[in-house]
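Student: Have a peek at structure_30.cif (mmCIF, N, CA and C atoms).
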data_query
#
loop_
_atom_site.label_atom_id
_atom_site.label_comp_id
_atom_site.auth_asym_id
_atom_site.auth_seq_id
_atom_site.Cartn_x
_atom_site.Cartn_y
_atom_site.Cartn_z
N MET H 160 -46.07 -107.52 -14.06
CA MET H 160 -47.48 -107.58 -13.80
C MET H 160 -48.08 -108.63 -14.69
N ALA H 161 -48.89 -109.51 -14.16
CA ALA H 161 -49.63 -110.49 -14.94
C ALA H 161 -51.10 -110.11 -14.87
N VAL H 162 -51.83 -110.40 -15.91
CA VAL H 162 -53.22 -110.00 -15.96
C VAL H 162 -54.08 -111.24 -16.18
N LEU H 163 -55.17 -111.33 -15.46
CA LEU H 163 -56.11 -112.42 -15.61
C LEU H 163 -57.24 -111.95 -16.50
N ALA H 164 -57.48 -112.66 -17.59
CA ALA H 164 -58.57 -112.31 -18.49
C ALA H 164 -59.78 -113.16 -18.13
N VAL H 165 -60.91 -112.51 -17.95
CA VAL H 165 -62.14 -113.20 -17.61
C VAL H 165 -63.05 -113.20 -18.82
N GLY H 166 -63.64 -114.33 -19.11
CA GLY H 166 -64.58 -114.40 -20.22
C GLY H 166 -63.92 -114.52 -21.58
N THR H 167 -62.70 -114.98 -21.62
CA THR H 167 -62.00 -115.15 -22.88
C THR H 167 -62.61 -116.30 -23.65
N PRO H 168 -62.92 -116.11 -24.94
CA PRO H 168 -63.51 -117.20 -25.71
C PRO H 168 -62.53 -118.35 -25.87
N VAL H 169 -63.08 -119.54 -25.93
CA VAL H 169 -62.27 -120.74 -26.10
C VAL H 169 -62.72 -121.43 -27.37
N ALA H 170 -61.79 -121.86 -28.19
CA ALA H 170 -62.11 -122.56 -29.43
C ALA H 170 -61.81 -124.03 -29.26
N TYR H 171 -62.65 -124.87 -29.86
CA TYR H 171 -62.46 -126.31 -29.82
C TYR H 171 -62.36 -126.83 -31.25
N ALA H 172 -61.56 -127.83 -31.45
CA ALA H 172 -61.41 -128.45 -32.77
C ALA H 172 -61.52 -129.95 -32.62
N THR H 173 -62.04 -130.60 -33.64
CA THR H 173 -62.12 -132.05 -33.67
C THR H 173 -61.09 -132.54 -34.66
N LEU H 174 -60.27 -133.46 -34.23
CA LEU H 174 -59.25 -134.02 -35.10
C LEU H 174 -59.78 -135.30 -35.73
N GLY H 175 -59.76 -135.36 -37.05
CA GLY H 175 -60.21 -136.56 -37.75
C GLY H 175 -59.00 -137.34 -38.23
N ASP H 176 -59.26 -138.42 -38.94
CA ASP H 176 -58.12 -139.16 -39.49
C ASP H 176 -57.56 -138.41 -40.69
N GLU H 177 -56.34 -138.67 -41.02
CA GLU H 177 -55.66 -137.92 -42.08
C GLU H 177 -56.34 -138.07 -43.43
N ALA H 178 -56.91 -139.24 -43.71
CA ALA H 178 -57.53 -139.47 -45.01
C ALA H 178 -58.72 -138.55 -45.21
N SER H 179 -59.57 -138.40 -44.19
CA SER H 179 -60.74 -137.54 -44.37
C SER H 179 -60.36 -136.07 -44.38
N SER H 180 -59.36 -135.67 -43.59
CA SER H 180 -58.97 -134.27 -43.58
C SER H 180 -58.21 -133.89 -44.84
N ALA H 181 -57.52 -134.84 -45.46
CA ALA H 181 -56.79 -134.55 -46.69
C ALA H 181 -57.73 -134.26 -47.84
N SER H 182 -58.94 -134.83 -47.78
CA SER H 182 -59.89 -134.62 -48.87
C SER H 182 -60.63 -133.29 -48.74
N GLN H 183 -60.53 -132.65 -47.59
CA GLN H 183 -61.19 -131.37 -47.36
C GLN H 183 -60.34 -130.25 -47.95
N PRO H 184 -60.97 -129.29 -48.65
CA PRO H 184 -60.18 -128.17 -49.17
C PRO H 184 -59.68 -127.30 -48.03
N ALA H 185 -58.47 -126.79 -48.18
CA ALA H 185 -57.90 -125.91 -47.17
C ALA H 185 -58.63 -124.57 -47.18
N ALA H 186 -58.82 -124.01 -46.02
CA ALA H 186 -59.47 -122.70 -45.92
C ALA H 186 -58.54 -121.64 -46.51
N ALA H 187 -59.12 -120.71 -47.21
CA ALA H 187 -58.33 -119.63 -47.81
C ALA H 187 -57.79 -118.74 -46.70
N VAL H 188 -56.51 -118.43 -46.77
CA VAL H 188 -55.90 -117.52 -45.82
C VAL H 188 -55.98 -116.12 -46.42
N ARG H 189 -56.63 -115.25 -45.71
CA ARG H 189 -56.79 -113.88 -46.19
C ARG H 189 -55.85 -112.97 -45.41
N GLY H 190 -55.47 -111.90 -46.06
CA GLY H 190 -54.70 -110.89 -45.36
C GLY H 190 -53.21 -111.06 -45.53
N LYS H 191 -52.52 -110.19 -44.84
CA LYS H 191 -51.06 -110.14 -44.87
C LYS H 191 -50.51 -110.40 -43.48
N ALA H 192 -49.21 -110.66 -43.41
CA ALA H 192 -48.56 -110.95 -42.13
C ALA H 192 -48.51 -109.69 -41.26
N TYR H 193 -49.03 -109.83 -40.06
CA TYR H 193 -49.04 -108.74 -39.09
C TYR H 193 -48.55 -109.25 -37.75
N ILE H 194 -48.20 -108.30 -36.88
CA ILE H 194 -47.89 -108.58 -35.48
C ILE H 194 -48.97 -107.90 -34.66
N GLU H 195 -49.51 -108.64 -33.69
CA GLU H 195 -50.45 -108.06 -32.73
C GLU H 195 -49.73 -107.97 -31.40
N THR H 196 -49.59 -106.75 -30.89
CA THR H 196 -48.95 -106.52 -29.60
C THR H 196 -50.01 -106.03 -28.64
N ARG H 197 -50.06 -106.68 -27.48
CA ARG H 197 -50.96 -106.23 -26.42
C ARG H 197 -50.12 -105.77 -25.24
N LEU H 198 -50.43 -104.58 -24.76
CA LEU H 198 -49.75 -104.03 -23.59
C LEU H 198 -50.77 -103.91 -22.47
N TYR H 199 -50.35 -104.25 -21.26
CA TYR H 199 -51.21 -104.22 -20.09
C TYR H 199 -50.68 -103.17 -19.12
N PHE H 200 -51.49 -102.15 -18.87
CA PHE H 200 -51.12 -101.01 -18.03
C PHE H 200 -51.91 -101.06 -16.72
N GLY H 201 -51.21 -101.17 -15.61
CA GLY H 201 -51.86 -101.09 -14.31
C GLY H 201 -52.14 -99.64 -13.95
N THR H 202 -53.01 -99.44 -12.98
CA THR H 202 -53.37 -98.06 -12.60
C THR H 202 -53.00 -97.71 -11.17
N GLU H 203 -52.70 -98.71 -10.34
CA GLU H 203 -52.29 -98.41 -8.97
C GLU H 203 -50.81 -98.11 -8.94
N ARG H 204 -50.44 -97.17 -8.11
CA ARG H 204 -49.03 -96.78 -8.03
C ARG H 204 -48.37 -97.43 -6.81
N PRO H 205 -47.29 -98.17 -7.03
CA PRO H 205 -46.61 -98.82 -5.92
C PRO H 205 -46.07 -97.82 -4.89
N ASP H 206 -45.85 -96.57 -5.31
CA ASP H 206 -45.33 -95.57 -4.38
C ASP H 206 -46.42 -94.96 -3.50
N GLY H 207 -47.68 -95.46 -3.65
CA GLY H 207 -48.77 -94.98 -2.82
C GLY H 207 -49.49 -93.77 -3.38
N GLY H 208 -49.06 -93.28 -4.53
CA GLY H 208 -49.73 -92.13 -5.13
C GLY H 208 -51.12 -92.49 -5.61
N PRO H 209 -51.88 -91.50 -6.05
CA PRO H 209 -53.24 -91.78 -6.53
C PRO H 209 -53.24 -92.63 -7.79
N ASP H 210 -54.29 -93.44 -7.94
CA ASP H 210 -54.41 -94.29 -9.12
C ASP H 210 -54.44 -93.45 -10.39
N VAL H 211 -53.97 -94.01 -11.48
CA VAL H 211 -54.03 -93.37 -12.79
C VAL H 211 -55.50 -93.31 -13.20
N THR H 212 -55.97 -92.13 -13.57
CA THR H 212 -57.37 -91.94 -13.96
C THR H 212 -57.54 -92.21 -15.46
N ASP H 213 -58.80 -92.38 -15.87
CA ASP H 213 -59.10 -92.54 -17.30
C ASP H 213 -58.56 -91.35 -18.09
N GLN H 214 -58.78 -90.16 -17.56
CA GLN H 214 -58.32 -88.94 -18.25
C GLN H 214 -56.80 -88.95 -18.41
N GLN H 215 -56.07 -89.33 -17.37
CA GLN H 215 -54.62 -89.39 -17.45
C GLN H 215 -54.17 -90.44 -18.46
N PHE H 216 -54.82 -91.62 -18.44
CA PHE H 216 -54.42 -92.67 -19.36
C PHE H 216 -54.68 -92.25 -20.81
N LEU H 217 -55.84 -91.68 -21.08
CA LEU H 217 -56.15 -91.26 -22.45
C LEU H 217 -55.22 -90.15 -22.91
N ALA H 218 -54.82 -89.26 -22.00
CA ALA H 218 -53.84 -88.23 -22.35
C ALA H 218 -52.50 -88.88 -22.68
N PHE H 219 -52.12 -89.91 -21.91
CA PHE H 219 -50.89 -90.65 -22.19
C PHE H 219 -50.94 -91.27 -23.58
N VAL H 220 -52.08 -91.89 -23.91
CA VAL H 220 -52.24 -92.49 -25.24
C VAL H 220 -52.10 -91.42 -26.32
N ASP H 221 -52.74 -90.26 -26.12
CA ASP H 221 -52.65 -89.18 -27.11
C ASP H 221 -51.22 -88.69 -27.30
N GLU H 222 -50.46 -88.63 -26.22
CA GLU H 222 -49.10 -88.07 -26.28
C GLU H 222 -48.04 -89.10 -26.69
N GLU H 223 -48.16 -90.33 -26.21
CA GLU H 223 -47.10 -91.32 -26.39
C GLU H 223 -47.40 -92.40 -27.43
N VAL H 224 -48.67 -92.79 -27.55
CA VAL H 224 -48.99 -93.93 -28.41
C VAL H 224 -49.45 -93.48 -29.80
N THR H 225 -50.43 -92.60 -29.85
CA THR H 225 -51.00 -92.19 -31.14
C THR H 225 -49.96 -91.64 -32.11
N PRO H 226 -49.01 -90.81 -31.69
CA PRO H 226 -47.99 -90.35 -32.66
C PRO H 226 -47.17 -91.50 -33.26
N ARG H 227 -46.99 -92.58 -32.52
CA ARG H 227 -46.21 -93.72 -33.02
C ARG H 227 -47.07 -94.72 -33.79
N PHE H 228 -48.38 -94.75 -33.50
CA PHE H 228 -49.30 -95.68 -34.15
C PHE H 228 -50.56 -94.93 -34.59
N PRO H 229 -50.42 -94.01 -35.53
CA PRO H 229 -51.57 -93.19 -35.94
C PRO H 229 -52.62 -93.95 -36.75
N ASN H 230 -52.29 -95.13 -37.27
CA ASN H 230 -53.25 -95.86 -38.10
C ASN H 230 -54.34 -96.56 -37.29
N GLY H 231 -54.18 -96.63 -35.98
CA GLY H 231 -55.23 -97.21 -35.15
C GLY H 231 -54.73 -98.06 -34.02
N LEU H 232 -55.59 -98.24 -33.04
CA LEU H 232 -55.30 -99.03 -31.85
C LEU H 232 -56.62 -99.33 -31.16
N THR H 233 -56.59 -100.22 -30.21
CA THR H 233 -57.77 -100.55 -29.42
C THR H 233 -57.41 -100.50 -27.95
N ILE H 234 -58.30 -99.92 -27.15
CA ILE H 234 -58.11 -99.86 -25.69
C ILE H 234 -59.31 -100.54 -25.05
N GLN H 235 -59.02 -101.43 -24.10
CA GLN H 235 -60.08 -102.08 -23.34
C GLN H 235 -59.82 -101.90 -21.85
N ASP H 236 -60.88 -101.68 -21.10
CA ASP H 236 -60.78 -101.62 -19.65
C ASP H 236 -60.64 -103.04 -19.13
N GLY H 237 -59.91 -103.20 -18.04
CA GLY H 237 -59.74 -104.53 -17.48
C GLY H 237 -59.58 -104.50 -15.98
N ARG H 238 -59.51 -105.68 -15.42
CA ARG H 238 -59.18 -105.89 -14.02
C ARG H 238 -58.06 -106.92 -14.03
N GLY H 239 -56.95 -106.59 -13.41
CA GLY H 239 -55.82 -107.49 -13.43
C GLY H 239 -55.39 -107.89 -12.03
N GLN H 240 -54.57 -108.91 -11.99
CA GLN H 240 -53.96 -109.30 -10.72
C GLN H 240 -52.58 -109.87 -10.98
N TRP H 241 -51.73 -109.75 -9.99
CA TRP H 241 -50.37 -110.24 -10.08
C TRP H 241 -49.83 -110.44 -8.67
N ARG H 242 -48.78 -111.23 -8.56
CA ARG H 242 -48.15 -111.47 -7.25
C ARG H 242 -46.95 -110.55 -7.12
N ASP H 243 -46.93 -109.76 -6.05
CA ASP H 243 -45.82 -108.83 -5.86
C ASP H 243 -44.60 -109.55 -5.29
N SER H 244 -43.52 -108.82 -5.08
CA SER H 244 -42.26 -109.43 -4.63
C SER H 244 -42.35 -110.01 -3.22
N HIS H 245 -43.42 -109.66 -2.47
CA HIS H 245 -43.62 -110.20 -1.12
C HIS H 245 -44.61 -111.37 -1.11
N GLY H 246 -45.05 -111.80 -2.31
CA GLY H 246 -45.96 -112.93 -2.40
C GLY H 246 -47.43 -112.55 -2.25
N VAL H 247 -47.72 -111.27 -2.17
CA VAL H 247 -49.10 -110.81 -1.99
C VAL H 247 -49.77 -110.66 -3.36
N ILE H 248 -51.00 -111.17 -3.47
CA ILE H 248 -51.78 -110.99 -4.70
C ILE H 248 -52.32 -109.58 -4.72
N GLU H 249 -51.95 -108.83 -5.73
CA GLU H 249 -52.42 -107.46 -5.91
C GLU H 249 -53.45 -107.44 -7.02
N ARG H 250 -54.54 -106.73 -6.82
CA ARG H 250 -55.59 -106.59 -7.84
C ARG H 250 -55.76 -105.12 -8.15
N GLU H 251 -55.97 -104.84 -9.43
CA GLU H 251 -56.11 -103.44 -9.81
C GLU H 251 -56.86 -103.28 -11.13
N ARG H 252 -57.41 -102.10 -11.29
CA ARG H 252 -58.01 -101.72 -12.58
C ARG H 252 -56.86 -101.57 -13.56
N SER H 253 -57.11 -101.94 -14.82
CA SER H 253 -56.03 -101.87 -15.80
C SER H 253 -56.60 -101.54 -17.18
N TYR H 254 -55.69 -101.35 -18.11
CA TYR H 254 -56.04 -101.11 -19.51
C TYR H 254 -55.27 -102.10 -20.36
N GLU H 255 -55.93 -102.62 -21.39
CA GLU H 255 -55.27 -103.46 -22.38
C GLU H 255 -55.25 -102.66 -23.68
N LEU H 256 -54.07 -102.41 -24.19
CA LEU H 256 -53.88 -101.67 -25.43
C LEU H 256 -53.42 -102.65 -26.50
N THR H 257 -54.16 -102.72 -27.61
CA THR H 257 -53.81 -103.62 -28.71
C THR H 257 -53.33 -102.81 -29.89
N LEU H 258 -52.16 -103.18 -30.39
CA LEU H 258 -51.56 -102.56 -31.56
C LEU H 258 -51.40 -103.64 -32.63
N LEU H 259 -51.72 -103.29 -33.86
CA LEU H 259 -51.60 -104.22 -34.98
C LEU H 259 -50.81 -103.52 -36.07
N TYR H 260 -49.74 -104.17 -36.53
CA TYR H 260 -48.87 -103.54 -37.53
C TYR H 260 -48.25 -104.61 -38.41
N PRO H 261 -47.87 -104.22 -39.65
CA PRO H 261 -47.28 -105.20 -40.57
C PRO H 261 -46.02 -105.84 -39.97
N ALA H 262 -45.87 -107.13 -40.18
CA ALA H 262 -44.71 -107.85 -39.66
C ALA H 262 -43.41 -107.26 -40.20
N SER H 263 -43.46 -106.68 -41.39
CA SER H 263 -42.26 -106.08 -41.98
C SER H 263 -41.77 -104.87 -41.18
N GLU H 264 -42.61 -104.32 -40.31
CA GLU H 264 -42.25 -103.16 -39.49
C GLU H 264 -41.83 -103.55 -38.07
N ALA H 265 -41.69 -104.83 -37.81
CA ALA H 265 -41.47 -105.32 -36.44
C ALA H 265 -40.26 -104.68 -35.77
N ARG H 266 -39.17 -104.56 -36.48
CA ARG H 266 -37.95 -104.02 -35.86
C ARG H 266 -38.13 -102.56 -35.43
N VAL H 267 -38.71 -101.75 -36.29
CA VAL H 267 -38.95 -100.34 -35.96
C VAL H 267 -39.98 -100.22 -34.85
N ARG H 268 -41.04 -101.00 -34.94
CA ARG H 268 -42.13 -100.94 -33.96
C ARG H 268 -41.67 -101.40 -32.58
N ASP H 269 -40.75 -102.36 -32.53
CA ASP H 269 -40.25 -102.84 -31.25
C ASP H 269 -39.68 -101.69 -30.42
N ALA H 270 -38.86 -100.86 -31.02
CA ALA H 270 -38.26 -99.73 -30.30
C ALA H 270 -39.34 -98.74 -29.86
N GLN H 271 -40.33 -98.50 -30.71
CA GLN H 271 -41.41 -97.57 -30.36
C GLN H 271 -42.23 -98.10 -29.18
N ILE H 272 -42.51 -99.39 -29.19
CA ILE H 272 -43.28 -99.99 -28.11
C ILE H 272 -42.51 -99.93 -26.80
N GLU H 273 -41.22 -100.18 -26.86
CA GLU H 273 -40.42 -100.11 -25.64
C GLU H 273 -40.39 -98.69 -25.08
N ARG H 274 -40.37 -97.68 -25.94
CA ARG H 274 -40.43 -96.29 -25.47
C ARG H 274 -41.77 -96.01 -24.78
N ILE H 275 -42.85 -96.56 -25.31
CA ILE H 275 -44.17 -96.40 -24.69
C ILE H 275 -44.17 -97.04 -23.31
N ARG H 276 -43.69 -98.27 -23.21
CA ARG H 276 -43.65 -98.96 -21.93
C ARG H 276 -42.81 -98.20 -20.90
N ASN H 277 -41.62 -97.78 -21.33
CA ASN H 277 -40.74 -97.05 -20.41
C ASN H 277 -41.34 -95.72 -19.96
N ALA H 278 -42.00 -95.02 -20.87
CA ALA H 278 -42.61 -93.74 -20.53
C ALA H 278 -43.70 -93.92 -19.49
N TYR H 279 -44.54 -94.95 -19.64
CA TYR H 279 -45.62 -95.18 -18.67
C TYR H 279 -45.05 -95.57 -17.31
N GLU H 280 -44.06 -96.48 -17.32
CA GLU H 280 -43.44 -96.90 -16.06
C GLU H 280 -42.87 -95.70 -15.31
N LYS H 281 -42.21 -94.82 -16.03
CA LYS H 281 -41.59 -93.65 -15.41
C LYS H 281 -42.64 -92.64 -14.96
N GLU H 282 -43.59 -92.32 -15.82
CA GLU H 282 -44.57 -91.27 -15.50
C GLU H 282 -45.48 -91.66 -14.35
N TYR H 283 -45.83 -92.95 -14.25
CA TYR H 283 -46.79 -93.37 -13.24
C TYR H 283 -46.21 -94.32 -12.21
N ALA H 284 -44.89 -94.32 -12.06
CA ALA H 284 -44.19 -95.09 -11.03
C ALA H 284 -44.62 -96.56 -11.02
N GLN H 285 -44.65 -97.18 -12.20
CA GLN H 285 -45.07 -98.58 -12.33
C GLN H 285 -43.85 -99.51 -12.32
N ASP H 286 -44.05 -100.71 -11.78
CA ASP H 286 -42.98 -101.71 -11.80
C ASP H 286 -42.76 -102.23 -13.22
N SER H 287 -43.86 -102.36 -13.98
CA SER H 287 -43.73 -102.88 -15.34
C SER H 287 -45.02 -102.63 -16.13
N VAL H 288 -44.89 -102.76 -17.43
CA VAL H 288 -46.02 -102.81 -18.36
C VAL H 288 -45.84 -104.12 -19.11
N ALA H 289 -46.79 -105.04 -18.96
CA ALA H 289 -46.67 -106.35 -19.61
C ALA H 289 -46.84 -106.21 -21.12
N ARG H 290 -46.13 -107.06 -21.85
CA ARG H 290 -46.18 -107.05 -23.32
C ARG H 290 -46.35 -108.48 -23.82
N VAL H 291 -47.35 -108.68 -24.69
CA VAL H 291 -47.62 -109.98 -25.29
C VAL H 291 -47.71 -109.78 -26.79
N GLU H 292 -47.07 -110.66 -27.56
CA GLU H 292 -47.10 -110.52 -29.02
C GLU H 292 -47.45 -111.84 -29.67
N GLU H 293 -48.14 -111.72 -30.81
CA GLU H 293 -48.47 -112.87 -31.63
C GLU H 293 -48.37 -112.50 -33.10
N ARG H 294 -47.89 -113.45 -33.89
CA ARG H 294 -47.93 -113.29 -35.34
C ARG H 294 -49.32 -113.67 -35.80
N THR H 295 -49.87 -112.92 -36.75
CA THR H 295 -51.21 -113.19 -37.23
C THR H 295 -51.33 -112.72 -38.68
N THR H 296 -52.49 -112.83 -39.24
CA THR H 296 -52.76 -112.22 -40.54
C THR H 296 -53.90 -111.23 -40.33
N ALA H 297 -53.91 -110.19 -41.17
CA ALA H 297 -54.96 -109.18 -41.07
C ALA H 297 -55.32 -108.73 -42.48
N ASP H 298 -56.59 -108.42 -42.65
CA ASP H 298 -57.11 -107.96 -43.93
C ASP H 298 -58.03 -106.78 -43.64
N PHE H 299 -57.72 -105.65 -44.22
CA PHE H 299 -58.52 -104.44 -43.99
C PHE H 299 -59.23 -104.02 -45.25
#
Would you put the structure from the file into structure tokens?
Tutor:
Amino acid sequence: MAVLAVGTPVAYATLGDEASSASQPAAAVRGKAYIETRLYFGTERPDGGPDVTDQQFLAFVDEEVTPRFPNGLTIQDGRGQWRDSHGVIERERSYELTLLYPASEARVRDAQIERIRNAYEKEYAQDSVARVEERTTADF
């Protein structure tokens, strides 16, 4: 499943010559190394069953996600689209789940995230749960 994000902010930068940029002090980097994982959950069932409701999704988060990531997470409502195996563009309501954890925990967290993805795919007859990761810094 691929998801289209609407209204995503865009950043612009101006590149100067090296001499002028070298004289500028470097911005202080705050925080520690973290991984940001975003999971995209569709709500329509390919088997024709009823769509996953908000109540069902939040119960899934309580049962499968929160025990593995009790320090916090973010859920956003979304609208996604993807091309199915027959070339048809499918559109559906979706959820974006953001997890942030220390980079030092990446190996352990990887297995936990895969269990979350597999559980959702199985419980709600989904073809996939998309996963996107980025290295970042975070300061709390």
Student: Which polymer residues, whether protein, DNA or RNA, lie within 8 Å of the coordinate (-62.1, -101.3, -19.8) when you count only N, CA and C atoms? List them as a list in words, using the chain letters and numbers from the file.
Tutor: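 Output of the proximity query reads Ile234, Gln235, Asp236, Gly237, Arg238, Ser253, Tyr254 and Glu255 of chain H.
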Student: If you keep N, CA and C atoms, can you produce a file of those selected residues as a JSON list (two decimals), in the frame of the given file?
Tutor:
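As written to disk, again_21.json reads:
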[["chain", "number", "residue", "atom", "x", "y", "z"],
["H", 234, "ILE", "N", -58.30, -99.92, -27.15],
["H", 234, "ILE", "CA", -58.11, -99.86, -25.69],
["H", 234, "ILE", "C", -59.31, -100.54, -25.05],
["H", 235, "GLN", "N", -59.02, -101.43, -24.10],
["H", 235, "GLN", "CA", -60.08, -102.08, -23.34],
["H", 235, "GLN", "C", -59.82, -101.90, -21.85],
["H", 236, "ASP", "N", -60.88, -101.68, -21.10],
["H", 236, "ASP", "CA", -60.78, -101.62, -19.65],
["H", 236, "ASP", "C", -60.64, -103.04, -19.13],
["H", 237, "GLY", "N", -59.91, -103.20, -18.04],
["H", 237, "GLY", "CA", -59.74, -104.53, -17.48],
["H", 237, "GLY", "C", -59.58, -104.50, -15.98],
["H", 238, "ARG", "N", -59.51, -105.68, -15.42],
["H", 238, "ARG", "CA", -59.18, -105.89, -14.02],
["H", 238, "ARG", "C", -58.06, -106.92, -14.03],
["H", 253, "SER", "N", -57.11, -101.94, -14.82],
["H", 253, "SER", "CA", -56.03, -101.87, -15.80],
["H", 253, "SER", "C", -56.60, -101.54, -17.18],
["H", 254, "TYR", "N", -55.69, -101.35, -18.11],
["H", 254, "TYR", "CA", -56.04, -101.11, -19.51],
["H", 254, "TYR", "C", -55.27, -102.10, -20.36],
["H", 255, "GLU", "N", -55.93, -102.62, -21.39],
["H", 255, "GLU", "CA", -55.27, -103.46, -22.38],
["H", 255, "GLU", "C", -55.25, -102.66, -23.68]]
Student: Kindly give the distance, in Å, that separates atom CA of Arg204 of chain H and atom CA of Tyr283 of chain H, rounded to a single decimal.
Tutor: 6.6 Å
Student: Looking at H:Leu259, H:Val211, H:Val288, H:Leu232, which one is nearest to Arg274 of chain H, with distances taken over only C-alpha atoms?
Tutor: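 The answer is H:Val288, which sits nearest to Arg274 of chain H.
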Student: With only N, CA and C atoms as the atoms that count, which of H:Glu282, H:Gln240, H:Asn277, H:Ser263 lies nearest to Tyr193 of chain H?
Tutor: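 Checking each candidate against Tyr193 of chain H, we get H:Ser263 as the closest.
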Student: Counting only N, CA and C atoms, note down every residue that has an atom within 8 Å of the point (-45.0, -116.1, -37.5) (file coordinates), as a ChimeraX atom specification.
Tutor: /H:192-193,293-295
Student: So how far away is atom CA of Thr225 of chain H from atom CA of Glu249 of chain H, in Å?
Tutor: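 Separation of atom CA of Glu249 of chain H and atom CA of Thr225 of chain H: 29.5 Å.
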Student: Got a sec: who's within 8 Å of Glu223 of chain H, counting all atoms listed in the file, leaving out chain neighbours fewer than 6 positions off, as a VMD selection string?
Tutor: chain H and resid 217 271 274 to 275 278
Student: Print the selection's residues with N, CA and C atoms to a file, as a PDB file, in the coordinates of the input.
Tutor:
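Output saved as part08.pdb:
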ATOM      1  N   LEU H 217     -55.840 -91.680 -21.080  1.00  0.00           N
ATOM      2  CA  LEU H 217     -56.150 -91.260 -22.450  1.00  0.00           C
ATOM      3  C   LEU H 217     -55.220 -90.150 -22.910  1.00  0.00           C
ATOM      4  N   GLN H 271     -40.330 -98.500 -30.710  1.00  0.00           N
ATOM      5  CA  GLN H 271     -41.410 -97.570 -30.360  1.00  0.00           C
ATOM      6  C   GLN H 271     -42.230 -98.100 -29.180  1.00  0.00           C
ATOM      7  N   ARG H 274     -40.370 -97.680 -25.940  1.00  0.00           N
ATOM      8  CA  ARG H 274     -40.430 -96.290 -25.470  1.00  0.00           C
ATOM      9  C   ARG H 274     -41.770 -96.010 -24.780  1.00  0.00           C
ATOM     10  N   ILE H 275     -42.850 -96.560 -25.310  1.00  0.00           N
ATOM     11  CA  ILE H 275     -44.170 -96.400 -24.690  1.00  0.00           C
ATOM     12  C   ILE H 275     -44.170 -97.040 -23.310  1.00  0.00           C
ATOM     13  N   ALA H 278     -42.000 -95.020 -20.870  1.00  0.00           N
ATOM     14  CA  ALA H 278     -42.610 -93.740 -20.530  1.00  0.00           C
ATOM     15  C   ALA H 278     -43.700 -93.920 -19.490  1.00  0.00           C
TER      16      ALA H 278
END
Student: So how far away is atom CA of Trp241 of chain H from atom CA of Ala289 of chain H, in Å?
Tutor: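 These atoms are spaced 10.9 Å apart.
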Student: Tell me which of H:Glu273, H:Glu195, H:Arg266, H:Phe200 sits closest to Phe216 of chain H, counting only C-alpha atoms.
Tutor: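 Ranking H:Glu273, H:Glu195, H:Arg266, H:Phe200 by distance to Phe216 of chain H, first place goes to H:Phe200.
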Student: Which of chain H end up as alpha helix (DSSP H) when DSSP is run on this backbone - answer as an MDAnalysis selection string?
Tutor: chainID H and resid 177:181 213:219 265:282
Student: I need the residue nearest Ala297 of chain H from this list: H:Arg268, H:Gly190, H:Ala262, H:Gly239. Use only N, CA and C atoms for the distance.
Tutor: H:Gly190
Student: Tell me which of H:Asp221, H:Asp298, H:Glu280, H:Glu292 sits closest to Leu198 of chain H, counting only N, CA and C atoms.
Tutor: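 Counting only N, CA and C atoms, the residue closest to Leu198 of chain H is H:Glu292.
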Student: With only C-alpha atoms as the atoms that count, which of H:Val224, H:Glu203, H:Thr212, H:Lys281 lies nearest to Leu256 of chain H?
Tutor: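 Of all the options, H:Val224 lies closest to Leu256 of chain H.
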Student: Once 8 Å is added on each side, what centre and edge lengths in Å to one decimal does the axis-aligned box around all listed atoms of segment 186-203 of chain H have, as AutoDock Vina command-line options?
Tutor:
--center_x -53.7 --center_y -110.9 --center_z -28.4 --size_x 27.6 --size_y 42.3 --size_z 54.9
Student: In chain H, what's strand (DSSP E or B) per DSSP? Answer as an NGL selection string?
Tutor: :H and (191-201 or 233-242 or 248-261 or 289-297)
Student: Please identify all polymer residues within 10 Å of Asp206 of chain H, counting only C-alpha atoms, omitting same-chain residues fewer than 4 positions from it, and present them as a JSON list (two decimals) with N, CA and C atoms, in the coordinates of the input.
Tutor:
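In the end it all went to result_12.json:
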[["chain", "number", "residue", "atom", "x", "y", "z"],
["H", 283, "TYR", "N", -45.83, -92.95, -14.25],
["H", 283, "TYR", "CA", -46.79, -93.37, -13.24],
["H", 283, "TYR", "C", -46.21, -94.32, -12.21],
["H", 284, "ALA", "N", -44.89, -94.32, -12.06],
["H", 284, "ALA", "CA", -44.19, -95.09, -11.03],
["H", 284, "ALA", "C", -44.62, -96.56, -11.02],
["H", 285, "GLN", "N", -44.65, -97.18, -12.20],
["H", 285, "GLN", "CA", -45.07, -98.58, -12.33],
["H", 285, "GLN", "C", -43.85, -99.51, -12.32],
["H", 286, "ASP", "N", -44.05, -100.71, -11.78],
["H", 286, "ASP", "CA", -42.98, -101.71, -11.80],
["H", 286, "ASP", "C", -42.76, -102.23, -13.22]]
